[in-house]
file run_0.txt (compact mmCIF, C-alpha atoms)
# COMPACT_ATOMS: atom_id res chain seq x y z
CA MET I 1 83.91 89.47 85.82
CA MET I 2 83.99 92.64 83.74
CA GLU I 3 87.21 93.54 85.42
CA THR I 4 88.71 90.20 84.46
CA LEU I 5 87.69 90.63 80.82
CA LYS I 6 88.92 94.17 80.73
CA ALA I 7 92.25 93.14 82.17
CA LEU I 8 92.64 90.33 79.64
CA ALA I 9 91.49 92.40 76.66
CA GLU I 10 94.91 94.01 76.39
CA PRO I 11 97.22 91.71 74.34
CA ASN I 12 100.31 92.29 76.48
CA ARG I 13 98.39 91.49 79.63
CA LEU I 14 96.99 88.33 78.07
CA GLN I 15 100.54 87.38 77.19
CA ILE I 16 101.65 87.98 80.77
CA VAL I 17 98.90 85.65 81.95
CA GLU I 18 100.05 83.04 79.44
CA LEU I 19 103.64 83.32 80.63
CA LEU I 20 102.56 83.00 84.25
CA LEU I 21 100.63 79.85 83.43
CA LYS I 22 103.99 78.12 83.20
CA GLY I 23 104.76 79.21 86.73
CA PRO I 24 105.55 82.27 88.87
CA ARG I 25 108.15 84.65 87.48
CA PRO I 26 110.10 87.69 88.53
CA VAL I 27 109.31 90.96 86.81
CA GLY I 28 112.70 90.96 85.05
CA GLU I 29 111.88 87.77 83.15
CA LEU I 30 108.53 89.13 82.07
CA VAL I 31 110.25 92.27 80.81
CA ASP I 32 112.68 90.17 78.76
CA GLU I 33 109.98 87.92 77.33
CA LEU I 34 107.61 90.70 76.41
CA GLY I 35 110.21 93.06 75.00
CA LEU I 36 108.55 95.96 76.81
CA ARG I 37 110.08 98.46 79.17
CA GLN I 38 109.86 97.72 82.87
CA PRO I 39 107.48 100.60 83.72
CA GLN I 40 105.03 99.34 81.10
CA VAL I 41 105.20 95.80 82.41
CA SER I 42 104.72 97.06 85.95
CA LYS I 43 101.68 99.00 84.84
CA HIS I 44 100.16 95.91 83.24
CA LEU I 45 100.94 93.86 86.33
CA ARG I 46 99.22 96.45 88.47
CA VAL I 47 96.05 96.17 86.38
CA LEU I 48 96.19 92.37 86.54
CA SER I 49 96.75 92.55 90.26
CA GLU I 50 93.81 94.89 90.79
CA ALA I 51 91.65 92.45 88.84
CA GLY I 52 92.81 89.71 91.19
CA LEU I 53 94.50 87.80 88.40
CA VAL I 54 98.02 87.91 89.81
CA ALA I 55 99.61 88.17 93.22
CA VAL I 56 103.12 89.28 94.09
CA ARG I 57 105.57 88.13 96.69
CA VAL I 58 108.97 89.56 97.45
CA ASP I 59 111.91 87.20 97.41
CA ALA I 60 115.14 88.96 98.41
CA GLN I 61 115.16 91.92 96.01
CA ARG I 62 112.98 90.29 93.45
CA ARG I 63 109.27 90.75 93.03
CA ILE I 64 107.79 87.47 91.90
CA TYR I 65 104.39 87.36 90.25
CA ALA I 66 102.07 84.36 90.28
CA LEU I 67 98.74 83.69 88.68
CA GLN I 68 95.66 83.54 90.87
CA PRO I 69 93.30 80.96 89.38
CA ALA I 70 89.99 82.11 90.89
CA PRO I 71 89.02 84.82 88.35
CA LEU I 72 90.03 82.60 85.43
CA LYS I 73 87.91 79.79 86.79
CA GLU I 74 85.00 82.13 87.23
CA LEU I 75 85.43 83.37 83.68
CA GLY I 76 85.60 79.82 82.40
CA THR I 77 82.36 78.90 84.11
CA TRP I 78 80.70 81.99 82.68
CA VAL I 79 81.94 81.49 79.13
CA GLU I 80 80.90 77.87 79.32
CA LYS I 81 77.41 78.78 80.41
CA TYR I 82 76.76 80.87 77.32
CA ARG I 83 78.63 78.58 74.99
CA ARG I 84 76.24 75.92 76.18
CA VAL I 85 73.22 78.03 75.26
CA TRP I 86 74.50 78.25 71.70
CA GLU I 87 75.42 74.60 71.67
CA GLU I 88 71.88 73.74 72.75
CA ASN I 89 70.59 75.78 69.82
CA PHE I 90 72.82 73.84 67.44
CA GLN I 91 71.88 70.52 68.93
CA ARG I 92 68.25 71.36 68.25
CA MET I 93 69.34 72.21 64.73
CA ASP I 94 71.12 68.82 64.48
CA GLY I 95 67.82 67.16 65.35
CA LEU I 96 66.00 69.23 62.76
CA LEU I 97 68.57 68.36 60.10
CA GLU I 98 68.18 64.66 60.85
CA GLU I 99 64.45 65.06 60.37
CA MET I 100 65.02 66.93 57.09
CA LYS I 101 67.36 64.20 55.86
CA ARG I 102 64.82 61.51 56.68
CA LYS I 103 62.06 63.37 54.87
CA GLU I 104 64.24 63.90 51.85
CA LYS I 105 65.08 60.23 51.68
CA LYS I 106 61.44 59.34 51.90
CA HIS I 107 60.16 61.77 49.31
CA GLY I 108 63.21 62.04 47.12
CA ARG I 109 65.08 65.26 46.67
CA LYS I 110 63.10 68.10 45.21
CA LYS I 111 64.75 70.52 42.86
CA ARG I 112 64.66 74.10 44.06
CA MET S 1 76.92 60.94 65.17
CA ASP S 2 78.22 61.80 68.56
CA ALA S 3 78.55 65.52 69.13
CA ARG S 4 80.03 64.98 72.53
CA SER S 5 83.63 64.28 71.80
CA ASP S 6 86.59 65.25 73.88
CA LYS S 7 87.75 68.75 74.50
CA GLY S 8 90.80 70.15 72.84
CA THR S 9 90.53 68.38 69.50
CA THR S 10 88.28 70.84 67.79
CA MET S 11 87.49 69.90 64.22
CA LYS S 12 90.46 67.59 63.96
CA ASN S 13 88.30 64.57 64.17
CA SER S 14 85.93 64.34 61.23
CA GLY S 15 83.28 62.91 63.52
CA GLU S 16 83.26 66.09 65.56
CA LEU S 17 80.63 68.81 65.45
CA LYS S 18 82.00 70.94 68.23
CA LEU S 19 81.26 74.61 68.50
CA THR S 20 84.19 76.98 68.76
CA LEU S 21 84.07 80.63 69.70
CA THR S 22 87.08 82.88 69.44
CA THR S 23 88.01 86.47 68.85
CA ARG S 24 89.99 87.64 65.84
CA GLY S 25 91.81 90.93 65.80
CA GLU S 26 90.26 93.70 67.81
CA ARG S 27 86.74 93.82 66.41
CA GLU S 28 85.69 90.32 65.42
CA ILE S 29 84.13 87.27 66.96
CA VAL S 30 84.39 84.03 65.01
CA MET S 31 82.17 81.04 65.61
CA THR S 32 82.42 77.69 63.84
CA ARG S 33 80.22 74.63 64.05
CA ALA S 34 79.98 71.52 61.88
CA PHE S 35 76.71 69.83 60.95
CA ASP S 36 76.24 66.29 59.81
CA ALA S 37 74.15 67.29 56.81
CA PRO S 38 74.67 68.64 53.31
CA ARG S 39 74.91 72.36 52.79
CA ARG S 40 71.52 72.83 51.15
CA LEU S 41 69.75 71.46 54.25
CA VAL S 42 71.87 73.53 56.60
CA PHE S 43 71.17 76.63 54.55
CA ASP S 44 67.43 75.94 54.70
CA ALA S 45 67.55 75.38 58.46
CA LEU S 46 69.31 78.73 58.81
CA THR S 47 67.08 80.77 56.53
CA LYS S 48 63.51 79.39 56.41
CA PRO S 49 61.47 80.98 59.18
CA GLU S 50 59.43 77.87 59.95
CA LEU S 51 62.71 75.98 60.46
CA VAL S 52 64.67 78.74 62.21
CA ARG S 53 62.07 79.18 64.92
CA ARG S 54 62.38 75.53 65.83
CA TRP S 55 65.98 75.79 66.97
CA LEU S 56 67.07 79.43 67.50
CA LEU S 57 65.55 79.63 70.95
CA GLY S 58 68.28 80.10 73.51
CA PRO S 59 67.78 78.90 77.08
CA ALA S 60 64.69 77.04 78.24
CA GLY S 61 61.60 79.21 78.62
CA TRP S 62 62.05 81.23 75.44
CA SER S 63 59.98 80.97 72.28
CA MET S 64 60.32 82.82 69.01
CA PRO S 65 56.97 84.37 68.11
CA VAL S 66 58.40 86.55 65.35
CA CYS S 67 60.77 85.24 62.70
CA GLU S 68 60.57 87.17 59.43
CA ILE S 69 63.14 86.66 56.72
CA ASP S 70 63.20 88.38 53.33
CA LEU S 71 66.15 86.54 51.89
CA LYS S 72 67.57 88.80 49.22
CA ALA S 73 70.18 91.54 49.07
CA GLY S 74 68.53 94.61 50.59
CA GLY S 75 65.87 92.43 52.25
CA LYS S 76 65.25 92.61 55.99
CA TYR S 77 64.97 90.07 58.76
CA ARG S 78 63.40 90.41 62.15
CA TYR S 79 63.52 88.09 65.18
CA VAL S 80 61.64 88.46 68.45
CA TRP S 81 61.98 86.09 71.40
CA ARG S 82 59.56 85.93 74.29
CA HIS S 83 60.10 84.37 77.68
CA ALA S 84 57.39 82.58 79.63
CA ASN S 85 57.68 85.44 82.18
CA GLY S 86 56.65 87.96 79.51
CA LYS S 87 60.05 89.44 78.78
CA GLU S 88 60.80 90.13 75.13
CA MET S 89 63.97 90.59 73.15
CA GLY S 90 64.18 91.58 69.51
CA MET S 91 66.79 92.03 66.84
CA GLY S 92 67.01 92.44 63.09
CA GLY S 93 69.00 93.69 60.18
CA VAL S 94 69.40 93.94 56.44
CA TYR S 95 70.91 91.39 54.07
CA ARG S 96 73.85 92.76 52.14
CA GLU S 97 74.75 89.67 50.16
CA ILE S 98 73.16 86.28 49.60
CA VAL S 99 74.81 83.38 47.80
CA PRO S 100 72.32 80.53 48.20
CA ARG S 101 73.66 77.60 50.22
CA GLU S 102 77.01 79.27 50.57
CA ARG S 103 77.20 82.73 52.02
CA ILE S 104 75.14 85.38 53.79
CA VAL S 105 76.29 88.84 54.79
CA CYS S 106 73.90 90.90 56.89
CA THR S 107 73.82 93.62 59.48
CA GLU S 108 72.56 92.87 62.97
CA LEU S 109 71.27 95.12 65.67
CA PHE S 110 69.45 94.33 68.89
CA ASP S 111 66.44 96.51 69.78
CA GLU S 112 67.98 97.36 73.09
CA ALA S 113 71.57 97.15 72.03
CA TRP S 114 74.00 97.40 74.89
CA TYR S 115 76.91 98.06 72.54
CA PRO S 116 77.39 100.87 70.00
CA GLY S 117 76.77 100.47 66.29
CA GLU S 118 75.47 97.80 63.98
CA ALA S 119 77.45 94.61 63.69
CA LEU S 120 78.15 92.92 60.38
CA LEU S 121 77.66 89.16 60.24
CA THR S 122 79.29 87.05 57.53
CA MET S 123 78.23 83.43 57.38
CA ASN S 124 79.99 80.91 55.18
CA LEU S 125 79.04 77.29 54.62
CA VAL S 126 81.53 74.75 53.31
CA GLU S 127 80.45 71.21 52.50
CA LYS S 128 82.74 68.23 52.56
CA ASP S 129 81.78 64.58 52.43
CA GLY S 130 78.16 65.34 53.18
CA ARG S 131 79.03 67.42 56.23
CA THR S 132 78.88 71.19 56.46
CA VAL S 133 81.09 73.55 58.38
CA MET S 134 79.55 76.89 59.20
CA THR S 135 81.78 79.85 60.00
CA ASN S 136 80.17 82.98 61.36
CA THR S 137 82.25 86.10 61.63
CA ILE S 138 80.76 89.08 63.42
CA LEU S 139 82.48 92.39 62.93
CA TYR S 140 81.71 95.14 65.45
CA VAL S 141 82.26 98.85 64.97
CA SER S 142 84.96 99.00 67.59
CA GLN S 143 86.85 96.89 70.06
CA GLU S 144 84.76 98.48 72.82
CA ALA S 145 81.60 97.27 71.11
CA ARG S 146 82.89 93.76 70.67
CA ASP S 147 84.13 93.55 74.22
CA GLY S 148 80.79 94.88 75.41
CA VAL S 149 79.21 91.91 73.71
CA LEU S 150 81.75 89.57 75.24
CA ARG S 151 81.12 90.95 78.67
CA SER S 152 77.42 90.48 78.43
CA GLY S 153 77.93 87.05 76.99
CA MET S 154 75.63 87.72 74.11
CA GLY S 155 75.70 88.72 70.51
CA SER S 156 73.25 86.81 68.48
CA GLY S 157 73.01 85.06 71.82
CA ILE S 158 76.66 84.16 71.64
CA ALA S 159 79.16 84.13 74.36
CA VAL S 160 82.75 83.95 73.65
CA SER S 161 86.11 83.37 75.11
CA TYR S 162 89.06 85.49 74.33
CA ASP S 163 91.72 84.10 72.04
CA ARG S 164 93.21 80.98 73.49
CA LEU S 165 91.35 81.48 76.72
CA ALA S 166 89.95 77.99 76.59
CA GLU S 167 93.49 76.71 76.30
CA LEU S 168 94.54 78.88 79.19
CA LEU S 169 91.73 77.54 81.28
CA GLY S 170 92.50 74.02 80.23
CA ALA S 171 96.13 74.48 81.20
CA GLU S 172 94.94 75.82 84.50
CA GLY S 173 93.23 72.50 85.08
CA THR S 174 89.75 73.90 85.23
CA GLU S 175 88.22 71.90 82.44
CA LYS S 176 85.05 70.48 83.78
CA SER S 177 82.23 69.11 81.74
CA ALA S 178 83.17 71.41 78.88
CA THR S 179 80.75 69.58 76.67
CA PRO S 180 77.04 69.99 77.12
CA VAL S 181 75.17 66.82 77.84

call {"tool": "encode", "arguments": {"input": "run_0.txt", "output": "C-alpha cells"}}
result
Amino acid sequence: MMETLKALAEPNRLQIVELLLKGPRPVGELVDELGLRQPQVSKHLRVLSEAGLVAVRVDAQRRIYALQPAPLKELGTWVEKYRRVWEENFQRMDGLLEEMKRKEKKHGRKKR
Amino acid sequence: MDARSDKGTTMKNSGELKLTLTTRGEREIVMTRAFDAPRRLVFDALTKPELVRRWLLGPAGWSMPVCEIDLKAGGKYRYVWRHANGKEMGMGGVYREIVPRERIVCTELFDEAWYPGEALLTMNLVEKDGRTVMTNTILYVSQEARDGVLRSGMGSGIAVSYDRLAELLGAEGTEKSATPV
C-alpha cells in the first residue's frame, strides 16, 4: 500500500496511470503525451512496475505498458475505509444538528 | 435530507451533503462537507466541547474523555480519545485566528505524531439557503509529512485520496458501495 502511494505521489507517474486508464500504450506514446525524455519516462515506468501498478509486454519492437488494477483497487478499498470513518463522524454531527434545530424551534432562537 | 446520494456528483446537487477529500499542491489536504443547518449551529457543533464530544469519535469503540477548547486567538485545545481496549490517542494545538461562525485557523499536532512538524488547519464555513458548506484545509510542513498522513490514513482522523484518484478508481470500474450506509 505504501508503495502504491509512493509511486502515485509523483505527478508524472500519476499522469502515466491516468493515460493508461484509457488503455495500454507503447512507451513512445507516453513520451509524446508527457513531454518528457524517454529515459525519464522509463524510470517512472520502472517505479510503477515495481509497485505492481503496470505490466509490460513486448510487441514486435515495441514495449507496451498496461495498468494492473489490483493495487488501485486495494488503495480504493483502503481510502474508502477511512473516508467512511470521517463520514460516520459527520453523520453523527448531522443528527446533532437536527436536534439543535428542533430545540431552537421549540425555545426560539437565543441571541449570543 | 438524504446524505446518501450517488457517487460522482459531489456538491452539484443542492440536496447533497457528501464528504470530499482531496490533495492540493504538495503539502495540503482539503476536505469539504455540507450540513443541512445554518452556520451558527454548525459552528457551535464544531467548537463547543459538550457538542464536539458527541460526534468526533471515529470508529466504534472510541470515546472522547477529554475535549477542552479555549476558543480565542492564542487559546489552546486538547482532545483525547480512548478505546474500550484501553488504548489512548491525543492531539491538540493553538488557535491562531477565530472569526465566529465563519473561520478558524489553528495548529494541530498528535501526541505521537507519525509525521514531522505541526500542521496548520484552516476551517471556513459558508452558508447558503440555510445550508452550510465546511471546507477544511490542512497544510503540512512538507510533502513528506502530508504523504505520511495519507499513508497512515489519518490526520485529524482523516484519510484521503490523491487528486482525482476517486475518478481513476471509478474509471477502473471499482466503485462499490462508495457511500456509507

call {"tool": "atom_distance", "arguments": {"input": "run_0.txt", "atom1": "atom CA of I:Gln38", "atom2": "atom CA of I:Ala9"}}
result
20.1 Å

call {"tool": "closest_atom_pairs", "arguments": {"input": "run_0.txt", "of": "chain I", "to": "chain S", "cutoff": "10 Å", "atoms": "only C-alpha atoms", "output": "Markdown table"}}
result
| residue | atom | partner | partner_atom | distance |
| --- | --- | --- | --- | --- |
| I:Met1 | CA | S:Arg151 | CA | 7.8 |
| I:Met2 | CA | S:Arg151 | CA | 6.1 |
| I:Glu3 | CA | S:Arg151 | CA | 9.5 |
| I:Thr4 | CA | S:Arg151 | CA | 9.6 |
| I:Leu5 | CA | S:Arg151 | CA | 6.9 |
| I:Lys6 | CA | S:Asp147 | CA | 8.1 |
| I:Leu8 | CA | S:Tyr162 | CA | 8.0 |
| I:Ala9 | CA | S:Tyr162 | CA | 7.7 |
| I:Glu10 | CA | S:Glu26 | CA | 9.8 |
| I:Pro11 | CA | S:Asp163 | CA | 9.7 |
| I:Leu14 | CA | S:Leu165 | CA | 9.0 |
| I:Val17 | CA | S:Leu168 | CA | 8.5 |
| I:Glu18 | CA | S:Leu168 | CA | 6.9 |
| I:Leu21 | CA | S:Glu172 | CA | 7.1 |
| I:Lys22 | CA | S:Ala171 | CA | 8.9 |
| I:Leu67 | CA | S:Glu172 | CA | 9.7 |
| I:Pro69 | CA | S:Glu172 | CA | 7.3 |
| I:Ala70 | CA | S:Thr174 | CA | 10.0 |
| I:Leu72 | CA | S:Leu169 | CA | 6.8 |
| I:Lys73 | CA | S:Thr174 | CA | 6.4 |
| I:Glu74 | CA | S:Thr174 | CA | 9.7 |
| I:Leu75 | CA | S:Ser161 | CA | 8.6 |
| I:Gly76 | CA | S:Leu169 | CA | 6.6 |
| I:Thr77 | CA | S:Lys176 | CA | 8.8 |
| I:Trp78 | CA | S:Gly153 | CA | 8.1 |
| I:Val79 | CA | S:Val160 | CA | 6.1 |
| I:Glu80 | CA | S:Ala178 | CA | 6.9 |
| I:Lys81 | CA | S:Ala159 | CA | 8.3 |
| I:Tyr82 | CA | S:Ala159 | CA | 5.0 |
| I:Arg83 | CA | S:Ala159 | CA | 5.6 |
| I:Arg84 | CA | S:Pro180 | CA | 6.1 |
| I:Val85 | CA | S:Gly58 | CA | 5.6 |
| I:Trp86 | CA | S:Ile158 | CA | 6.3 |
| I:Glu87 | CA | S:Leu19 | CA | 6.6 |
| I:Glu88 | CA | S:Gly58 | CA | 7.3 |
| I:Asn89 | CA | S:Trp55 | CA | 5.4 |
| I:Phe90 | CA | S:Trp55 | CA | 7.1 |
| I:Gln91 | CA | S:Trp55 | CA | 8.2 |
| I:Arg92 | CA | S:Trp55 | CA | 5.1 |
| I:Met93 | CA | S:Trp55 | CA | 5.4 |
| I:Asp94 | CA | S:Phe35 | CA | 6.7 |
| I:Gly95 | CA | S:Trp55 | CA | 9.0 |
| I:Leu96 | CA | S:Ala45 | CA | 7.7 |
| I:Leu97 | CA | S:Ala37 | CA | 6.6 |
| I:Glu98 | CA | S:Ala37 | CA | 7.7 |
| I:Met100 | CA | S:Leu41 | CA | 7.1 |
| I:Lys101 | CA | S:Ala37 | CA | 7.5 |
| I:Glu104 | CA | S:Leu41 | CA | 9.7 |
| I:Arg112 | CA | S:Arg40 | CA | 9.9 |

call {"tool": "write_last_selection", "arguments": {"input": "run_0.txt", "atoms": "C-alpha atoms", "output": "PDB file, in the frame of the given file"}}
result
ATOM      1  CA  MET I   1      83.910  89.470  85.820  1.00  0.00           C
ATOM      2  CA  MET I   2      83.990  92.640  83.740  1.00  0.00           C
ATOM      3  CA  GLU I   3      87.210  93.540  85.420  1.00  0.00           C
ATOM      4  CA  THR I   4      88.710  90.200  84.460  1.00  0.00           C
ATOM      5  CA  LEU I   5      87.690  90.630  80.820  1.00  0.00           C
ATOM      6  CA  LYS I   6      88.920  94.170  80.730  1.00  0.00           C
ATOM      7  CA  LEU I   8      92.640  90.330  79.640  1.00  0.00           C
ATOM      8  CA  ALA I   9      91.490  92.400  76.660  1.00  0.00           C
ATOM      9  CA  GLU I  10      94.910  94.010  76.390  1.00  0.00           C
ATOM     10  CA  PRO I  11      97.220  91.710  74.340  1.00  0.00           C
ATOM     11  CA  LEU I  14      96.990  88.330  78.070  1.00  0.00           C
ATOM     12  CA  VAL I  17      98.900  85.650  81.950  1.00  0.00           C
ATOM     13  CA  GLU I  18     100.050  83.040  79.440  1.00  0.00           C
ATOM     14  CA  LEU I  21     100.630  79.850  83.430  1.00  0.00           C
ATOM     15  CA  LYS I  22     103.990  78.120  83.200  1.00  0.00           C
ATOM     16  CA  LEU I  67      98.740  83.690  88.680  1.00  0.00           C
ATOM     17  CA  PRO I  69      93.300  80.960  89.380  1.00  0.00           C
ATOM     18  CA  ALA I  70      89.990  82.110  90.890  1.00  0.00           C
ATOM     19  CA  LEU I  72      90.030  82.600  85.430  1.00  0.00           C
ATOM     20  CA  LYS I  73      87.910  79.790  86.790  1.00  0.00           C
ATOM     21  CA  GLU I  74      85.000  82.130  87.230  1.00  0.00           C
ATOM     22  CA  LEU I  75      85.430  83.370  83.680  1.00  0.00           C
ATOM     23  CA  GLY I  76      85.600  79.820  82.400  1.00  0.00           C
ATOM     24  CA  THR I  77      82.360  78.900  84.110  1.00  0.00           C
ATOM     25  CA  TRP I  78      80.700  81.990  82.680  1.00  0.00           C
ATOM     26  CA  VAL I  79      81.940  81.490  79.130  1.00  0.00           C
ATOM     27  CA  GLU I  80      80.900  77.870  79.320  1.00  0.00           C
ATOM     28  CA  LYS I  81      77.410  78.780  80.410  1.00  0.00           C
ATOM     29  CA  TYR I  82      76.760  80.870  77.320  1.00  0.00           C
ATOM     30  CA  ARG I  83      78.630  78.580  74.990  1.00  0.00           C
ATOM     31  CA  ARG I  84      76.240  75.920  76.180  1.00  0.00           C
ATOM     32  CA  VAL I  85      73.220  78.030  75.260  1.00  0.00           C
ATOM     33  CA  TRP I  86      74.500  78.250  71.700  1.00  0.00           C
ATOM     34  CA  GLU I  87      75.420  74.600  71.670  1.00  0.00           C
ATOM     35  CA  GLU I  88      71.880  73.740  72.750  1.00  0.00           C
ATOM     36  CA  ASN I  89      70.590  75.780  69.820  1.00  0.00           C
ATOM     37  CA  PHE I  90      72.820  73.840  67.440  1.00  0.00           C
ATOM     38  CA  GLN I  91      71.880  70.520  68.930  1.00  0.00           C
ATOM     39  CA  ARG I  92      68.250  71.360  68.250  1.00  0.00           C
ATOM     40  CA  MET I  93      69.340  72.210  64.730  1.00  0.00           C
ATOM     41  CA  ASP I  94      71.120  68.820  64.480  1.00  0.00           C
ATOM     42  CA  GLY I  95      67.820  67.160  65.350  1.00  0.00           C
ATOM     43  CA  LEU I  96      66.000  69.230  62.760  1.00  0.00           C
ATOM     44  CA  LEU I  97      68.570  68.360  60.100  1.00  0.00           C
ATOM     45  CA  GLU I  98      68.180  64.660  60.850  1.00  0.00           C
ATOM     46  CA  MET I 100      65.020  66.930  57.090  1.00  0.00           C
ATOM     47  CA  LYS I 101      67.360  64.200  55.860  1.00  0.00           C
ATOM     48  CA  GLU I 104      64.240  63.900  51.850  1.00  0.00           C
ATOM     49  CA  ARG I 112      64.660  74.100  44.060  1.00  0.00           C
TER      50      ARG I 112
END

call {"tool": "residues_around", "arguments": {"input": "run_0.txt", "residues": "stretch 87-89 of chain S", "least_positions_apart": "5", "cutoff": "8 Å", "atoms": "only C-alpha atoms", "output": "number ranges by chain"}}
result
S: 80-82, 110-112

call {"tool": "residues_around", "arguments": {"input": "run_0.txt", "residues": "S:Arg78", "least_positions_apart": "4", "cutoff": "7 Å", "atoms": "only C-alpha atoms", "output": "ChimeraX atom specification"}}
result
/S:67-69,91-93

call {"tool": "residues_around", "arguments": {"input": "run_0.txt", "residues": "S:Leu120", "least_positions_apart": "4", "cutoff": "8 Å", "atoms": "all atoms listed in the file", "output": "list in words"}}
result
Val105, Cys106, Thr107, Glu108, Ile138, Leu139 and Tyr140 of chain S

call {"tool": "closest_residue", "arguments": {"input": "run_0.txt", "among": "I:Gly108, I:Ala55, I:Ile64, I:Lys43", "to": "I:Arg25", "atoms": "all atoms listed in the file"}}
result
I:Ile64

call {"tool": "axis_aligned_box", "arguments": {"input": "run_0.txt", "around": "stretch 1-10 of chain I", "padding_each_side": "5 Å", "output": "lines of an AutoDock Vina configuration file"}}
result
center_x = 89.4
center_y = 91.8
center_z = 81.1
size_x = 21.0
size_y = 14.7
size_z = 19.4

call {"tool": "atom_distance", "arguments": {"input": "run_0.txt", "atom1": "atom CA of S:Leu71", "atom2": "atom CA of S:His83"}}
result
26.6 Å

call {"tool": "atom_distance", "arguments": {"input": "run_0.txt", "atom1": "atom CA of I:Gln61", "atom2": "atom CA of I:Arg13"}}
result
23.4 Å

call {"tool": "residues_around", "arguments": {"input": "run_0.txt", "residues": "I:Glu29", "least_positions_apart": "3", "cutoff": "12 Å", "atoms": "only C-alpha atoms", "output": "list of chain:residue names"}}
result
I:Ile16, I:Leu19, I:Leu20, I:Gly23, I:Pro24, I:Arg25, I:Pro26, I:Asp32, I:Glu33, I:Leu34, I:Gly35, I:Leu36, I:Arg37, I:Gln38, I:Val41, I:Arg62, I:Arg63, I:Ile64, I:Tyr65

call {"tool": "residues_around", "arguments": {"input": "run_0.txt", "residues": "S:Glu97", "least_positions_apart": "2", "cutoff": "9 Å", "atoms": "only C-alpha atoms", "output": "VMD selection string"}}
result
chain S and resid 72 to 74 95 99 103 to 106

call {"tool": "write_last_selection", "arguments": {"input": "run_0.txt", "atoms": "C-alpha atoms", "output": "short mmCIF file (atom, residue, chain, number, x, y, z; two decimals), in the coordinates of the input"}}
result
data_model
loop_
_atom_site.label_atom_id
_atom_site.label_comp_id
_atom_site.auth_asym_id
_atom_site.auth_seq_id
_atom_site.Cartn_x
_atom_site.Cartn_y
_atom_site.Cartn_z
CA LYS S 72 67.57 88.80 49.22
CA ALA S 73 70.18 91.54 49.07
CA GLY S 74 68.53 94.61 50.59
CA TYR S 95 70.91 91.39 54.07
CA VAL S 99 74.81 83.38 47.80
CA ARG S 103 77.20 82.73 52.02
CA ILE S 104 75.14 85.38 53.79
CA VAL S 105 76.29 88.84 54.79
CA CYS S 106 73.90 90.90 56.89
#

call {"tool": "decode", "arguments": {"input": "run_0.txt", "residues": "stretch 31-69 of chain S", "atoms": "C-alpha atoms", "output": "compact mmCIF listing (two decimals), in the first residue's frame"}}
result
# COMPACT_ATOMS: atom_id res chain seq x y z
CA MET S 31 -11.86 18.25 2.94
CA THR S 32 -15.34 19.59 2.25
CA ARG S 33 -18.69 18.57 3.69
CA ALA S 34 -22.10 20.23 3.59
CA PHE S 35 -24.50 20.32 6.52
CA ASP S 36 -28.21 20.88 6.39
CA ALA S 37 -28.14 23.55 9.07
CA PRO S 38 -27.31 27.23 9.40
CA ARG S 39 -23.75 28.27 10.04
CA ARG S 40 -24.21 29.31 13.66
CA LEU S 41 -25.35 25.79 14.61
CA VAL S 42 -22.56 24.16 12.64
CA PHE S 43 -20.03 26.44 14.29
CA ASP S 44 -21.38 25.51 17.73
CA ALA S 45 -21.28 21.80 16.93
CA LEU S 46 -17.64 22.22 15.89
CA THR S 47 -16.47 24.31 18.82
CA LYS S 48 -18.50 23.59 21.99
CA PRO S 49 -16.88 20.73 23.88
CA GLU S 50 -20.14 19.20 25.07
CA LEU S 51 -21.27 19.05 21.42
CA VAL S 52 -17.94 18.07 19.85
CA ARG S 53 -17.55 15.01 22.04
CA ARG S 54 -20.88 13.69 20.82
CA TRP S 55 -19.76 13.28 17.23
CA LEU S 56 -15.94 13.44 16.88
CA LEU S 57 -15.46 9.83 17.87
CA GLY S 58 -14.07 7.90 14.94
CA PRO S 59 -14.73 4.17 14.63
CA ALA S 60 -16.91 2.23 17.04
CA GLY S 61 -15.33 1.58 20.42
CA TRP S 62 -13.82 5.02 20.90
CA SER S 63 -14.99 7.69 23.32
CA MET S 64 -13.68 11.19 23.89
CA PRO S 65 -12.96 11.65 27.59
CA VAL S 66 -11.04 14.90 27.09
CA CYS S 67 -12.30 17.74 24.93
CA GLU S 68 -11.02 21.14 26.03
CA ILE S 69 -11.48 24.19 23.85
